[in-house]
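Let me begin by presenting the structure, written as structure tokens, before commenting on it.
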Amino acid sequence: MNKVSVTIITKNEEKNIERCLKSILWADEIVVVDTFSTDRTVEICREFTDKVFQEIWLGYGMQKNLCASKATNRWVLNIDADEVISSECAAEIQKLLSSQPEFSFYRFPRKNFIANRWVRYAGWYPDLISRLYDRDLVSFSESLVHEKLISSEKGGVVNQAIFHYSFDGMRDYIDRQNLYSSLYAEEKKRLNWEANWTHIYLRPVWAFIKIYLLKQGFREGFLGMFLAISMMFYTYLKYAKTRSTE
């Protein structure tokens with residue numbers, strides 16, 4: 001039986017972290033790296049594990065790799081503070097690790113929620129995301145945002161979904177899009193990359209068409225229209241912010 005460490009990075013997650021931690025009590029180890037939360041996040045985490053560390057923020061990819069480096073087990077399940085592992089998903093993970101896994105990493109479908117509503121269309125499901133991996137063979141890209149596991153193989157797929165309570169509502173969604181677009185632009189500027197006119201004028205339109213029509217966002221009603229328009233604006237923002245204002 002391969003043991004598994006669950007890794008979580010946090011900052012001011014007191015509203016989510018207890019629900020998350022209760023869903024992973026079956027794990028062999030829980031490791032938390034916190035970025036100096038000012039709420040009760042650390043206090044709550046220490047009720048579930050003694051492996052709680054505080055480190056400065058390095059960016060999503062580097063922070064997750066740092067957290068994995070503090071784990072004692074070779075297999076790592078990385079989850080976010082606003083995610084939940086169902087009992088069915090936990091059972092599939094444990095069954096997978098009960099023998100020698102075929103792949104070095106595994107992807108999960110993810111059910112994303114806005115408030116308490118599961119968003120099934122608009123490209124929000126199955127939203128396959130790589131989370132379970134052999135840390136001796138795989139690690140996260142060192143990205144400021146939109147980090148991913150780096151591997152030359154395609155990996156395996158776990159059937160049971162991770163539940164992702166991602167946004168409190170539309171305002172929270174918009175605030176996060178503004179943050180993520182800034183992080184994207186910051187990373188591109190470090191590479192001396194600047195968006196051209198096709199990025200700024202064409203890609204936002206394509207984002208709307210893809211979300212609302214091709215990925216059937218219209219089936220979500222008003223919410224689908226909101227998601228398509230906000231993704232169009234996000235796409236515009238992340239490219240526009242790479243341009244100099246001078």
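We name chains A, B, ... following the order of the structure tokens; residues begin at 1 in each chain, and ligands are numbered from 1 as shown.
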_Shell around Glu142 in chain A at 9 Å using only C-alpha atoms, local window under 5 positions removed, as a ChimeraX atom specification_ = /A:58-65,147-148
Using 10 Å as the limit and counting only C-alpha atoms, can you tabulate each residue of range 167-238 of chain A that touches range 96-113 of chain A, with its shortest atom-to-atom distance in Å and the two atoms involved, as a Markdown table?
| residue | atom | partner | partner_atom | distance |
| --- | --- | --- | --- | --- |
| A:Phe167 | CA | A:Phe113 | CA | 6.7 |
| A:Asp168 | CA | A:Phe113 | CA | 8.5 |
| A:Gly169 | CA | A:Phe113 | CA | 9.2 |
*Would you list the contacts of Val42 in chain A as a ChimeraX atom specification, taking every protein, DNA or RNA residue within 10 Å and counting only C-alpha atoms, but skipping same-chain residues closer than 2 positions in sequence?*
/A:10-14,17,32-40,44-47,52-54
*Hey, what's within 7 Å of range 203-220 of chain A if we count only C-alpha atoms and toss same-chain stuff fewer than 6 positions away? As a VMD selection string, please?*
chain A and resid 121 to 123 228 to 229 231 to 233 235 to 236
Deliver the residues from the most recent selection as a file, using C-alpha atoms, as an mmCIF file, in the first residue's frame.
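The resulting file, out00.cif, is reproduced below:
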data_model
loop_
_atom_site.group_PDB
_atom_site.id
_atom_site.type_symbol
_atom_site.label_atom_id
_atom_site.label_comp_id
_atom_site.auth_asym_id
_atom_site.auth_seq_id
_atom_site.Cartn_x
_atom_site.Cartn_y
_atom_site.Cartn_z
ATOM 1 C CA TYR A 121 -21.745 23.693 -18.827
ATOM 2 C CA ALA A 122 -19.725 26.680 -20.164
ATOM 3 C CA GLY A 123 -16.554 24.581 -20.035
ATOM 4 C CA ALA A 228 -19.175 34.088 -21.198
ATOM 5 C CA ILE A 229 -19.050 37.880 -20.933
ATOM 6 C CA MET A 231 -14.389 35.375 -19.641
ATOM 7 C CA MET A 232 -14.340 37.661 -22.660
ATOM 8 C CA PHE A 233 -13.390 40.573 -20.408
ATOM 9 C CA THR A 235 -9.186 37.497 -21.777
ATOM 10 C CA TYR A 236 -9.020 41.144 -22.791
#
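Using only C-alpha atoms for every distance, the candidate list A:Ile56, A:Ala185, A:Leu202, A:Ile79 yields A:Ile79 as the residue closest to Ile30 in chain A.
Atom pair CA of Phe163 in chain A / CA of Glu88 in chain A has a distance of 11.5 Å (rounded to one decimal).
Across A:Glu83, A:Glu18, A:Glu194, A:Asp28, the tightest approach to Arg131 in chain A is made by A:Glu83 when counting only C-alpha atoms.
Minimum distance to Asp127 in chain A across A:Ile93, A:His164, A:Tyr201, A:Gly156 (counting only C-alpha atoms) occurs at A:His164.
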